[in-house]
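Participant: Before I ask anything, let me first share the structure, which is written out below as structure tokens.
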Amino acid sequence: MLKQHTLGNSFTLEGKGLHTGLRLVVTFCPAPAGHGYKIQRTDLPGLPVIEALAENVVETTRGTVLQQGDARCSTVEHALAALFALGVDNCLLQVNGPEVPILDGSAEIYVENIRRAGIVEQDAPRDVFVVRHPITIRDDQTGSVITIEPAAQFGVTAHIAFQSKVLSSQTATLDNVGLFEREIAPARTFCFVREVEMMLAAGLIKGGDLDNAIVIYENQKTQAEIDELADRIGAPHHDATELGFLQTKPLQWENEPARHKLLDIIGDMALIGRPLQGHIIAHRPGHTINNKFARLVRQTLSAS
């Protein structure tokens with residue numbers, strides 16, 4: 001019988017919040033069997049705890065935001081993806097602000113530190129949800145569809161499609177979760193220049209830069225416009241005539257954006273609250289459809 005697992009030791013990471021720009025500290029702590037994933041706001045009176053479950057997601061526009069009562073925490077998906085993929089069932093995340101730090105925009109640093117802390121077996125069985133029949137959700141407005149089908153182990157296939165000259169259609173697949181660490185965890189988050197401009201106007205991404213995101217530049221702007229944007233996000237100036245990907249290090253894979261979408265799916269599926277045995281196939285995934293799907297799976301579990 002498979003057993004539950006937690007961390008062998010605590011570890012702490014520090015970095016800036018993607019949207020707030022605040023310097024944040026998050027500590028990953030071992031937790032008892034049956035605890036699941038929980039997030040504690042150490043900066044708030046009473047040290048409130050948020051259960052990391054799909055029904056506690058209150059916003060999905062620019063990441064997954066959890067809230068219980070007055071306690072809220074955003075940008076949780078990369079940390080949860082690392083825990084879920086590495087088989088850590090129980091963990092308490094203590095964070096001193098409203099976001100988990102974005103770090104390098106991937107799950108790689110989380111994975112490295114989980115490995116360093118160690119993963120230990122607990123004296124309780126793992127309650128794996130074995131998918132017996134397909135479960136599907138779709139959004140006809142966006143064309144998003146997510147299905148989970150019976151399979152011998154957990155896996156994910158992500159298909160992304162954009163009306164973009166630089167980034168159109170890509171696919172990424174993870175058939176063996178043991179390859180997450182090498183093949184998926186290092187994939188960085190991405191966005192388009194037009195989205196950066198909108199988020200800056202909305203007072204968001206105060207901590208965004210080219211060290212923690214890939215920015216897709218597809219519609220040529222004047223050199224003055226590109227220079228102003230670079231200055232606002234603390235990035236080097238870029239030749240406005242050169243369309244493509246803007247980042248401080250090259251793409252690690254041609255389909256790195258699709259791999260990151262796959263990473264996000266895993267993080268959002270962690271909110272189901274149980275390990276999964278089944279293969280997820282996602283067309284045009286995003287946090288909104290991911291959360292609707294996770295809620296549907298939880299409803300299926302409750303009804304079974």
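Letters A, B, ... go to the chains of the structure tokens in the order shown; residues in each chain start at 1; ligands are counted from 1 in the same order.
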At a cut-off of 12 Å, using only C-alpha atoms, what residues contact range 225-234 of chain A? Leave out same-chain residues fewer than 3 positions from it and give the result as a ChimeraX atom specification.
Facilitator: /A:18-19,21,193-201,203-213,215,217-222,237-243,246-248
Participant: To test your reading of the structure, identify every residue in range 230-286 of chain A that backbone DSSP assigns to helix (DSSP H, G or I), and report it as a list in words.
Facilitator: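 Written out, the helix (DSSP H, G or I) residues of range 230-286 of chain A are Ala230, Asp231, Arg232, Glu256, Pro257, Ala258, Arg259, His260, Lys261, Leu262, Leu263, Asp264, Ile265, Ile266, Gly267, Asp268, Met269, Ala270, Leu271 and Ile272 of chain A.
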Participant: Can those selected residues be exported to a file as a compact mmCIF listing (two decimals), in the first residue's frame so that it contains N, CA and C atoms?
Facilitator:
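That gives us result12.txt:
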```txt
# COMPACT_ATOMS: atom_id res chain seq x y z
N ALA A 230 10.74 48.85 -20.92
CA ALA A 230 11.91 48.22 -20.31
C ALA A 230 12.29 48.91 -19.00
N ASP A 231 12.23 50.24 -19.00
CA ASP A 231 12.57 50.99 -17.79
C ASP A 231 11.59 50.69 -16.66
N ARG A 232 10.32 50.50 -17.00
CA ARG A 232 9.30 50.27 -15.97
C ARG A 232 9.45 48.90 -15.32
N GLU A 256 8.83 25.82 -24.35
CA GLU A 256 8.84 26.19 -22.93
C GLU A 256 7.51 26.79 -22.46
N PRO A 257 6.84 27.64 -23.25
CA PRO A 257 5.53 28.14 -22.79
C PRO A 257 4.51 27.01 -22.55
N ALA A 258 4.46 26.03 -23.44
CA ALA A 258 3.53 24.91 -23.24
C ALA A 258 3.91 24.11 -22.00
N ARG A 259 5.20 23.93 -21.78
CA ARG A 259 5.64 23.22 -20.58
C ARG A 259 5.23 23.98 -19.31
N HIS A 260 5.31 25.32 -19.37
CA HIS A 260 4.90 26.07 -18.19
C HIS A 260 3.39 25.95 -17.96
N LYS A 261 2.61 25.95 -19.02
CA LYS A 261 1.17 25.74 -18.86
C LYS A 261 0.89 24.39 -18.22
N LEU A 262 1.68 23.39 -18.59
CA LEU A 262 1.54 22.06 -17.99
C LEU A 262 1.87 22.14 -16.49
N LEU A 263 2.93 22.88 -16.17
CA LEU A 263 3.30 23.08 -14.77
C LEU A 263 2.14 23.71 -13.99
N ASP A 264 1.52 24.74 -14.57
CA ASP A 264 0.39 25.40 -13.92
C ASP A 264 -0.78 24.44 -13.70
N ILE A 265 -1.03 23.58 -14.67
CA ILE A 265 -2.11 22.59 -14.52
C ILE A 265 -1.85 21.72 -13.29
N ILE A 266 -0.62 21.25 -13.15
CA ILE A 266 -0.30 20.39 -12.01
C ILE A 266 -0.50 21.15 -10.70
N GLY A 267 -0.07 22.40 -10.66
CA GLY A 267 -0.27 23.20 -9.45
C GLY A 267 -1.73 23.39 -9.11
N ASP A 268 -2.55 23.61 -10.13
CA ASP A 268 -3.98 23.79 -9.90
C ASP A 268 -4.67 22.47 -9.56
N MET A 269 -4.16 21.35 -10.07
CA MET A 269 -4.72 20.04 -9.72
C MET A 269 -4.36 19.64 -8.29
N ALA A 270 -3.29 20.21 -7.75
CA ALA A 270 -2.95 19.95 -6.34
C ALA A 270 -4.09 20.37 -5.43
N LEU A 271 -4.93 21.30 -5.89
CA LEU A 271 -6.05 21.79 -5.10
C LEU A 271 -7.22 20.82 -5.04
N ILE A 272 -7.11 19.70 -5.74
CA ILE A 272 -8.12 18.64 -5.61
C ILE A 272 -8.01 18.00 -4.23
```
Participant: Give me, as a ChimeraX atom specification, the residues of range 67-298 of chain A that a backbone DSSP run labels strand (DSSP E or B).
Facilitator: /A:67-68,71-74,90-95,99,119-125,129-130,135-139,144-149,155-161,169-174,190-192,214-217,244-246,276-277,279-283
Participant: Neighbouring residues of Pro275 in chain A were defined as those with any atom within 12 Å, considering only C-alpha atoms; residues of the same chain fewer than 5 positions away were excluded. Please report them as number ranges by chain.
Facilitator: A: 2-5, 36-37, 81, 83-90, 125-131, 153-155, 177, 266-267, 269-270, 297-298
Participant: Return the single residue from A:Gln223, A:Asn176, A:Gln40, A:Thr189 that is closest to Ala71 in chain A, with distances computed using only C-alpha atoms.
Facilitator: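 The answer is A:Gln40, which sits nearest to Ala71 in chain A.
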Participant: Please, what distance in Å, to one decimal, runs between CA of Lys38 in chain A and CA of Leu174 in chain A?
Facilitator: 26.1 Å
Participant: Taking only C-alpha atoms into account, name the residue in A:Asp70, A:Glu99, A:Glu149, A:Glu55 that is nearest to Val26 in chain A.
Facilitator: A:Glu99
Participant: Just give me the gap between CA of Gly34 in chain A and CA of Glu51 in chain A in Å, one decimal is fine.
Facilitator: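 These two atoms are separated by 12.3 Å.
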Participant: Name the closest residue to Ile146 in chain A among the candidates A:Ala185, A:Ala282, A:Ala117, A:Met1; distances are taken between atoms, counting only C-alpha atoms.
Facilitator: A:Ala282
Participant: How many Å lie between CA of Cys73 in chain A and CA of Thr12 in chain A, rounded to one decimal?
Facilitator: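 Atom-to-atom, CA of Cys73 in chain A and CA of Thr12 in chain A are spaced 17.0 Å apart.
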Participant: I'd like to know which of A:Thr75, A:Thr136, A:Thr300, A:Thr171 is closest to Ser106 in chain A, using only C-alpha atoms.
Facilitator: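 Comparing A:Thr75, A:Thr136, A:Thr300, A:Thr171 against Ser106 in chain A, the winner is A:Thr75.
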Participant: Using only C-alpha atoms, find the one residue out of A:Ile289, A:Leu301, A:Leu7, A:Leu92 that sits nearest to Thr142 in chain A.
Facilitator: A:Ile289
Participant: Under the rule that only C-alpha atoms are counted, which of A:Glu183, A:Glu108, A:Glu121, A:Glu59 is the nearest residue to Asn290 in chain A?
Facilitator: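 Going through A:Glu183, A:Glu108, A:Glu121, A:Glu59 one by one, the smallest distance to Asn290 in chain A is for A:Glu59.
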Participant: If you count only C-alpha atoms, which residues fall within 8 Å of Pro98 in chain A, apart from same-chain ones fewer than 5 positions away, as an MDAnalysis selection string?
Facilitator: chainID A and resid 41 72:74
